[in-house]
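Novice: I'd like to ask some things about the structure below.
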Amino acid sequence: MVEQVTHPAGSPVVIEVWSDLGCPWCYVGKHRLQTAIAQRPDADRFKIVVRSFELNPAAPKEPETIEKALVRAHGGTAAHVMQAERQIQALARKEGLEFTLDRLSASTFDLHRVVQYANDEGRGFEFFSRVQDGFFAGTLNPYDPDALADVAESVGLDGQRVRAILASSEYADRVRADRSEGLELGATGVPFVVLDRRVAAPGAQKVPVYGQLLEQVAGPVPSGHVS
Amino acid sequence: MSEPKSRLQFVAAPASGWCEPDTGVCHIDTADKAASAEAIDETDDVSGRPGTTER
């Protein structure tokens with residue numbers, strides 16, 4: 001475990017999460033991180049900021065089944081790649097998460113451009129999280145501009161603005177810059193969670209590990225709140 | 001992967017799973033794979049879905 005670092009008691013703590021929609025571990029890891037934060041009485045100190053990490057910049061624009069996409073991108077048989085998906089599905093469901101295998105895969109670049117806009121409006125995590133949850137539950141097509149606009153409006157963003165962004169190339173440079181920065185910081189696995197720019201955790205960690213990291217950057221749970 | 005340019009402290013605990021930044025290939029930790037197999041077995045009792053093996 002990393003050495004103890006301190007952070008002024010009660011002050012805000014920014015947690016940056018480099019993530020991609022197509023990354024199942026980003027979905028699982030996000031819920032674990034949220035659980036760890038929720039276990040602290042000072043949960044409102046923590047602000048999660050989504051950073052874009054497009055895992056497959058060469059992905060086609062046209063959606064295809066994850067089965068077809070995984071075989072094309074990584075080789076192997078359909079049965080093999082779907083077995084791996086079922087492993088993650090089983091773990092996710094065990095943790096109470098919906099996780100359909102009936103998902104579509106395509107370029108996530110445009111979604112990330114909207115995430116950047118949402119970040120500017122202070123709603124990046126809420127927007128991305130809602131898209132992610134709907135995608136893995138099988139209730140949202142994230143490649144449909146109208147669907148993204150609807151999600152945006154549900155978190156207080158301007159749906160028309162989202163449609164305009166999707167019809168343009170706005171925020172493209174920032175999406176690429178986020179990916180580059182994640183790599184420069186040493187992201188060896190996605191999700192890549194960076195707490196207060198002091199501590200980093202590549203991959204989806206377990207809830208207790210995230211809890212320890214929160215304690216290291218934000219201090220122990222305030223004693224007056226321990227139940 | 002090149003050396004990180006930051007002064008970040010990296011967690012030592014193994015991740016349950018991760019996707020490789022360069023290839024997008026996703027992996028599951030060995031211990032979690034076993035837990036997954038158990039969960040699948042439990043699911044199979046209900047759905048009859050076949051078990052899984054390494055990706």
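Note on naming: chains are A, B, ... as they come in the structure tokens, residues start from 1 per chain, ligands start from 1 in the order shown.
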Quick one: which residues from chain A are at most 8 Å off chain B, using only C-alpha atoms, as a VMD selection string?
Specialist: chain A and resid 1 to 3 23 25 to 26 55 to 56 74 80 to 81 83 to 84 86 to 88 90 to 91 94 183 to 191 197 to 206 209
Novice: Could you save those same residues with N, CA and C atoms as a compact mmCIF listing (two decimals), in the first residue's frame?
Specialist:
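Output file part.txt follows:
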# COMPACT_ATOMS: atom_id res chain seq x y z
N MET A 1 0.84 -1.20 0.00
CA MET A 1 0.00 0.00 0.00
C MET A 1 0.88 1.24 0.00
N VAL A 2 0.37 2.30 -0.58
CA VAL A 2 1.16 3.52 -0.66
C VAL A 2 1.28 4.16 0.72
N GLU A 3 2.29 5.02 0.85
CA GLU A 3 2.49 5.67 2.14
C GLU A 3 1.40 6.71 2.39
N CYS A 23 -15.51 -0.01 -21.54
CA CYS A 23 -14.68 -0.70 -20.55
C CYS A 23 -15.57 -1.21 -19.41
N TRP A 25 -14.79 -2.87 -16.78
CA TRP A 25 -14.19 -2.67 -15.45
C TRP A 25 -14.34 -1.23 -14.98
N CYS A 26 -14.51 -0.31 -15.92
CA CYS A 26 -14.76 1.08 -15.54
C CYS A 26 -16.12 1.18 -14.85
N LEU A 55 -10.51 3.79 -25.42
CA LEU A 55 -9.70 2.57 -25.46
C LEU A 55 -9.38 2.12 -26.88
N ASN A 56 -10.30 2.38 -27.79
CA ASN A 56 -10.07 1.94 -29.15
C ASN A 56 -10.34 3.08 -30.13
N HIS A 74 -9.57 -8.26 -31.18
CA HIS A 74 -8.60 -9.00 -30.37
C HIS A 74 -8.37 -10.44 -30.84
N HIS A 80 -15.07 -17.71 -27.05
CA HIS A 80 -13.99 -17.34 -26.12
C HIS A 80 -14.21 -15.93 -25.56
N VAL A 81 -14.44 -14.96 -26.45
CA VAL A 81 -14.59 -13.58 -25.97
C VAL A 81 -15.85 -13.42 -25.12
N GLN A 83 -17.15 -15.74 -23.26
CA GLN A 83 -16.89 -16.38 -21.95
C GLN A 83 -16.28 -15.34 -21.01
N ALA A 84 -15.35 -14.56 -21.53
CA ALA A 84 -14.71 -13.53 -20.71
C ALA A 84 -15.73 -12.49 -20.27
N ARG A 86 -18.84 -13.05 -19.78
CA ARG A 86 -19.69 -13.67 -18.76
C ARG A 86 -19.01 -13.68 -17.39
N GLN A 87 -17.68 -13.76 -17.40
CA GLN A 87 -16.97 -13.71 -16.12
C GLN A 87 -17.19 -12.35 -15.44
N ILE A 88 -17.07 -11.30 -16.22
CA ILE A 88 -17.27 -9.96 -15.65
C ILE A 88 -18.74 -9.78 -15.27
N ALA A 90 -20.80 -12.01 -14.24
CA ALA A 90 -21.10 -12.73 -13.00
C ALA A 90 -20.65 -11.93 -11.79
N LEU A 91 -19.45 -11.35 -11.89
CA LEU A 91 -18.96 -10.53 -10.77
C LEU A 91 -19.82 -9.29 -10.57
N LYS A 94 -23.08 -10.18 -9.01
CA LYS A 94 -22.87 -10.54 -7.60
C LYS A 94 -22.82 -9.29 -6.74
N LEU A 183 -1.95 8.54 -20.02
CA LEU A 183 -0.77 7.72 -20.32
C LEU A 183 0.48 8.31 -19.69
N GLU A 184 0.61 9.64 -19.76
CA GLU A 184 1.78 10.29 -19.16
C GLU A 184 1.83 10.09 -17.65
N LEU A 185 0.66 10.04 -17.04
CA LEU A 185 0.60 9.85 -15.59
C LEU A 185 0.89 8.41 -15.19
N GLY A 186 0.90 7.53 -16.17
CA GLY A 186 1.26 6.14 -15.88
C GLY A 186 0.10 5.17 -15.86
N ALA A 187 -0.94 5.47 -16.57
CA ALA A 187 -2.09 4.57 -16.61
C ALA A 187 -1.69 3.26 -17.29
N THR A 188 -1.58 2.23 -16.49
CA THR A 188 -1.28 0.91 -17.04
C THR A 188 -2.54 0.06 -17.15
N GLY A 189 -3.62 0.60 -16.66
CA GLY A 189 -4.90 -0.09 -16.74
C GLY A 189 -6.02 0.93 -16.63
N VAL A 190 -7.12 0.63 -17.30
CA VAL A 190 -8.30 1.49 -17.25
C VAL A 190 -9.43 0.68 -16.61
N PRO A 191 -10.18 1.23 -15.65
CA PRO A 191 -10.17 2.62 -15.23
C PRO A 191 -8.84 2.98 -14.56
N ARG A 197 -4.41 14.00 -7.20
CA ARG A 197 -3.12 14.05 -7.90
C ARG A 197 -1.97 13.55 -7.05
N ARG A 198 -2.28 12.69 -6.10
CA ARG A 198 -1.25 12.15 -5.22
C ARG A 198 -1.16 10.64 -5.32
N VAL A 199 -2.30 10.00 -5.41
CA VAL A 199 -2.35 8.55 -5.37
C VAL A 199 -3.09 8.04 -6.61
N ALA A 200 -2.58 6.97 -7.19
CA ALA A 200 -3.20 6.44 -8.41
C ALA A 200 -3.49 4.96 -8.27
N ALA A 201 -4.60 4.54 -8.88
CA ALA A 201 -4.98 3.14 -8.86
C ALA A 201 -5.43 2.72 -10.26
N PRO A 202 -4.57 1.99 -10.96
CA PRO A 202 -4.99 1.47 -12.27
C PRO A 202 -5.89 0.25 -12.10
N GLY A 203 -6.90 0.14 -12.95
CA GLY A 203 -7.81 -1.00 -12.88
C GLY A 203 -8.88 -0.82 -11.83
N ALA A 204 -9.83 -1.74 -11.82
CA ALA A 204 -10.93 -1.70 -10.85
C ALA A 204 -10.47 -2.35 -9.55
N GLN A 205 -10.37 -1.54 -8.52
CA GLN A 205 -9.98 -2.05 -7.20
C GLN A 205 -11.22 -2.46 -6.41
N LYS A 206 -11.00 -3.18 -5.35
CA LYS A 206 -12.11 -3.57 -4.48
C LYS A 206 -12.48 -2.40 -3.56
N VAL A 209 -10.09 -1.34 -0.79
CA VAL A 209 -8.88 -0.67 -1.29
C VAL A 209 -9.20 0.79 -1.60
Novice: Give me, as a PyMOL selection string, the residues of region 93-179 of chain A that a backbone DSSP run labels helix (DSSP H, G or I).
Specialist: chain A and resi 93-94+109-120+124-137+145-154+159-166+172-179
Novice: How many Å separate CA of Phe99 (chain A) from CA of Val28 (chain A)?
Specialist: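 These two atoms are separated by 9.6 Å.
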Novice: In Å, rounded to a single decimal, give me how far CA of Tyr117 (chain A) is from CA of Tyr143 (chain A).
Specialist: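 It comes out at 16.8 Å.
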